[in-house]
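The structure appears right after this line, and notes come after that.
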Amino acid sequence: MSRFCVYLGSREGHDPQFLEAARQLGAELAKRGHGLVYGGARIGLMGSLADAVMAGGGEAIGVMPDHLVEREQAHHGLSELVRVRNMHERKASMAAHADAFIVLPGGIGTLEEFFEAWTWHYLGLHDKPIGVLDTAGFYAPLLAFLDNTVEHGFLNGRTRAELIDATKPAELLDALESRIAKQS
């Protein structure tokens, strides 16, 4: 079993496709026998993803700093809820529990976590694959921006190519599983 760390919003967003993609990803993770590591909330995309994993009989580990337990409404129906002291410990714990990373729609916290995990990969601090689920074109502008940074010489083309992106949960998981298998 591999564990996938998923960064995503504690809000649902305006497009119902975001919620559906989170549910599909959760169901697919459970169906394939993978575990989930995520921020631990019971609301928004986060809660829907965890609920789908749990409904499919999968493992869901939430990691949440004490100061966010009330604000993000901690999910107490998980396989495990890990409480940590701060955001730095949260990110380190999530990364330590994971074999790969996935990014779904979210706000600045989601983006910060994604870029930190990708930067750690670039710096050689881990070799875990990273994927972006581009639901309803949400990340298309970001992916185009990243391609632009390559064109302008601020990002290595190989580094950009290591970031997997797909529009369907099953397609993204197929690509990430392939990368994990190559590392084994």
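Just so we're on the same page: first chain in the structure tokens is A, next is B, and so on; residues restart at 1 for each chain, and ligands are numbered from 1 in the order they show up.
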**Request:** Using backbone DSSP assignments, extract all strand (DSSP E) residues from range 114-180 of chain A; output them as a ChimeraX atom specification.
**Result:** /A:130-133,163-166
**Item:** CA of Ala100 in chain A to CA of Phe4 in chain A, distance in Å rounded to a single decimal
**Value:**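 Going from CA of Ala100 in chain A over to CA of Phe4 in chain A, I get 5.0 Å.
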**Request:** Please provide the set of residues having any atom within 7 Å of range 22-37 of chain A, restricted to only C-alpha atoms, with same-chain residues fewer than 6 positions apart removed, written as number ranges by chain.
**Result:** A: 1-6, 45, 48-50, 52-53, 56-62, 94, 97-98, 169-170
Put those residues in a file: all heavy atoms, as a compact mmCIF listing (two decimals), in the first residue's frame.
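Ended up saving to part-v8.txt:
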# COMPACT_ATOMS: atom_id res chain seq x y z
N MET A 1 0.83 -1.18 0.00
CA MET A 1 0.00 0.00 0.00
C MET A 1 0.88 1.25 0.00
O MET A 1 1.80 1.36 0.78
CB MET A 1 -0.90 0.02 1.24
CG MET A 1 -1.63 1.35 1.40
SD MET A 1 -2.62 1.52 2.89
CE MET A 1 -1.39 1.92 4.10
N SER A 2 0.56 2.15 -0.88
CA SER A 2 1.21 3.46 -0.88
C SER A 2 0.28 4.45 -0.21
O SER A 2 -0.94 4.29 -0.23
CB SER A 2 1.49 3.91 -2.31
OG SER A 2 2.44 3.08 -2.93
N ARG A 3 0.86 5.48 0.37
CA ARG A 3 0.07 6.56 0.93
C ARG A 3 0.29 7.81 0.08
O ARG A 3 1.42 8.16 -0.24
CB ARG A 3 0.49 6.85 2.37
CG ARG A 3 0.03 5.83 3.35
CD ARG A 3 0.33 6.30 4.76
NE ARG A 3 -0.09 5.32 5.73
CZ ARG A 3 0.60 5.03 6.82
NH1 ARG A 3 1.75 5.64 7.07
NH2 ARG A 3 0.15 4.14 7.66
N PHE A 4 -0.81 8.47 -0.21
CA PHE A 4 -0.78 9.69 -1.01
C PHE A 4 -1.13 10.88 -0.14
O PHE A 4 -2.19 10.91 0.47
CB PHE A 4 -1.77 9.58 -2.17
CG PHE A 4 -1.30 8.65 -3.25
CD1 PHE A 4 -1.42 7.27 -3.09
CD2 PHE A 4 -0.74 9.13 -4.41
CE1 PHE A 4 -0.98 6.40 -4.07
CE2 PHE A 4 -0.29 8.27 -5.40
CZ PHE A 4 -0.41 6.91 -5.23
N CYS A 5 -0.21 11.83 -0.07
CA CYS A 5 -0.47 13.09 0.62
C CYS A 5 -1.20 13.99 -0.36
O CYS A 5 -0.70 14.25 -1.46
CB CYS A 5 0.85 13.73 1.04
SG CYS A 5 0.64 15.35 1.81
N VAL A 6 -2.38 14.44 0.03
CA VAL A 6 -3.17 15.29 -0.86
C VAL A 6 -3.34 16.66 -0.23
O VAL A 6 -3.78 16.79 0.92
CB VAL A 6 -4.56 14.66 -1.15
CG1 VAL A 6 -5.36 15.55 -2.11
CG2 VAL A 6 -4.40 13.26 -1.75
N LEU A 45 -13.43 20.40 0.44
CA LEU A 45 -12.89 19.31 -0.36
C LEU A 45 -12.17 18.31 0.52
O LEU A 45 -12.21 17.10 0.28
CB LEU A 45 -11.94 19.83 -1.44
CG LEU A 45 -12.53 20.77 -2.50
CD1 LEU A 45 -11.45 21.14 -3.53
CD2 LEU A 45 -13.74 20.17 -3.17
N SER A 48 -14.67 15.87 2.09
CA SER A 48 -15.26 15.00 1.07
C SER A 48 -14.28 13.93 0.61
O SER A 48 -14.66 12.78 0.42
CB SER A 48 -15.74 15.83 -0.12
OG SER A 48 -16.79 16.67 0.27
N LEU A 49 -13.03 14.31 0.44
CA LEU A 49 -11.99 13.35 0.05
C LEU A 49 -11.84 12.27 1.12
O LEU A 49 -11.86 11.08 0.82
CB LEU A 49 -10.67 14.08 -0.17
CG LEU A 49 -9.44 13.20 -0.40
CD1 LEU A 49 -9.54 12.47 -1.73
CD2 LEU A 49 -8.17 14.04 -0.34
N ALA A 50 -11.69 12.70 2.37
CA ALA A 50 -11.50 11.74 3.47
C ALA A 50 -12.72 10.83 3.62
O ALA A 50 -12.57 9.62 3.81
CB ALA A 50 -11.22 12.48 4.77
N ALA A 52 -14.79 9.90 1.33
CA ALA A 52 -14.81 8.94 0.22
C ALA A 52 -13.80 7.81 0.44
O ALA A 52 -14.09 6.65 0.16
CB ALA A 52 -14.54 9.65 -1.11
N VAL A 53 -12.63 8.14 0.96
CA VAL A 53 -11.64 7.11 1.27
C VAL A 53 -12.19 6.17 2.33
O VAL A 53 -12.13 4.94 2.19
CB VAL A 53 -10.30 7.74 1.73
CG1 VAL A 53 -9.36 6.69 2.30
CG2 VAL A 53 -9.62 8.48 0.58
N GLY A 56 -14.90 3.83 1.21
CA GLY A 56 -14.37 2.74 0.40
C GLY A 56 -13.54 1.74 1.20
O GLY A 56 -12.93 0.85 0.62
N GLY A 57 -13.48 1.92 2.50
CA GLY A 57 -12.72 1.00 3.35
C GLY A 57 -11.24 1.31 3.42
O GLY A 57 -10.45 0.49 3.89
N GLY A 58 -10.84 2.50 2.98
CA GLY A 58 -9.43 2.88 2.98
C GLY A 58 -8.98 3.53 4.28
O GLY A 58 -9.78 3.80 5.17
N GLU A 59 -7.69 3.77 4.34
CA GLU A 59 -7.07 4.42 5.49
C GLU A 59 -6.97 5.92 5.20
O GLU A 59 -6.53 6.33 4.13
CB GLU A 59 -5.66 3.86 5.68
CG GLU A 59 -4.85 4.58 6.73
CD GLU A 59 -3.38 4.22 6.68
OE1 GLU A 59 -2.73 4.46 5.64
OE2 GLU A 59 -2.88 3.69 7.68
N ALA A 60 -7.37 6.73 6.18
CA ALA A 60 -7.26 8.19 6.05
C ALA A 60 -6.61 8.74 7.31
O ALA A 60 -7.14 8.60 8.42
CB ALA A 60 -8.62 8.82 5.85
N ILE A 61 -5.44 9.35 7.12
CA ILE A 61 -4.70 9.96 8.22
C ILE A 61 -4.77 11.47 8.04
O ILE A 61 -4.35 12.00 7.01
CB ILE A 61 -3.23 9.50 8.23
CG1 ILE A 61 -3.14 7.99 8.41
CG2 ILE A 61 -2.44 10.24 9.31
CD1 ILE A 61 -1.74 7.43 8.22
N GLY A 62 -5.27 12.17 9.05
CA GLY A 62 -5.29 13.62 9.04
C GLY A 62 -4.21 14.15 9.94
O GLY A 62 -3.92 13.56 10.99
N MET A 94 3.11 15.18 7.34
CA MET A 94 2.40 14.73 6.14
C MET A 94 3.38 14.14 5.13
O MET A 94 3.14 13.07 4.56
CB MET A 94 1.60 15.88 5.52
CG MET A 94 0.41 16.29 6.37
SD MET A 94 -0.37 17.84 5.84
CE MET A 94 -1.13 17.34 4.30
N HIS A 97 4.74 10.68 6.13
CA HIS A 97 3.79 9.59 6.01
C HIS A 97 3.50 9.21 4.55
O HIS A 97 2.85 8.20 4.29
CB HIS A 97 2.45 9.97 6.67
CG HIS A 97 2.44 9.85 8.15
ND1 HIS A 97 2.72 10.92 8.98
CD2 HIS A 97 2.16 8.81 8.96
CE1 HIS A 97 2.61 10.53 10.23
NE2 HIS A 97 2.28 9.25 10.25
N ALA A 98 3.95 10.02 3.59
CA ALA A 98 3.52 9.87 2.20
C ALA A 98 4.57 9.23 1.30
O ALA A 98 5.77 9.35 1.52
CB ALA A 98 3.16 11.24 1.63
N PRO A 169 -8.87 11.79 -11.97
CA PRO A 169 -8.21 11.15 -10.84
C PRO A 169 -7.54 9.82 -11.19
O PRO A 169 -6.38 9.59 -10.81
CB PRO A 169 -9.33 10.95 -9.82
CG PRO A 169 -10.31 12.04 -10.12
CD PRO A 169 -10.25 12.19 -11.62
N ALA A 170 -8.22 8.95 -11.92
CA ALA A 170 -7.65 7.64 -12.25
C ALA A 170 -6.40 7.79 -13.12
O ALA A 170 -5.41 7.08 -12.93
CB ALA A 170 -8.69 6.76 -12.95
**Message:** One number please: CA of Leu133 in chain A to CA of Phe115 in chain A, in Å, one decimal.
**Reply:**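 Between these atoms lies a distance of 14.5 Å.
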**Atomic separation - CA of Met54 in chain A relative to CA of His76 in chain A, Å** = 11.9 Å
**Request:** Report the residues of chain A whose backbone DSSP state falls under helix (DSSP H, G or I), written as number ranges by chain.
**Result:** A: 16-31, 44-55, 66-68, 87-97, 108-122, 135-137, 140-151, 157-162, 169-183
**Neighbour list for Glu112 in chain A as a list in words, cut-off 12 Å, only C-alpha atoms, skip fewer than 6 positions in-chain** = Tyr7, Leu8, Gly9, Met87, His88, Lys91, Val103, Gly106, Trp118 and Thr119 of chain A
**Item:** Residues near Pro65 in chain A, cut-off 10 Å, only C-alpha atoms, skip fewer than 6 positions along chain, as number ranges by chain
**Value:** A: 39-40, 72, 74, 82-91
**Prompt:** Can you tell me, as a PyMOL selection string, what residues are no more than 7 Å from range 172-184 of chain A when counting only C-alpha atoms, ignoring any on the same chain fewer than 6 positions away?
**Reply:** chain A and resi 129+131+133+165-166
**Item:** Spatial neighbours of Lys168 in chain A, 8 Å, only C-alpha atoms, chain gap at least 5 places, as a VMD selection string
**Value:** chain A and resid 21 133 to 135
**Item:** Of the listed residues A:Thr149, A:Asp66, A:Tyr38, A:Gln73, that which approaches Ile102 in chain A most closely, counting only C-alpha atoms
**Value:** A:Tyr38
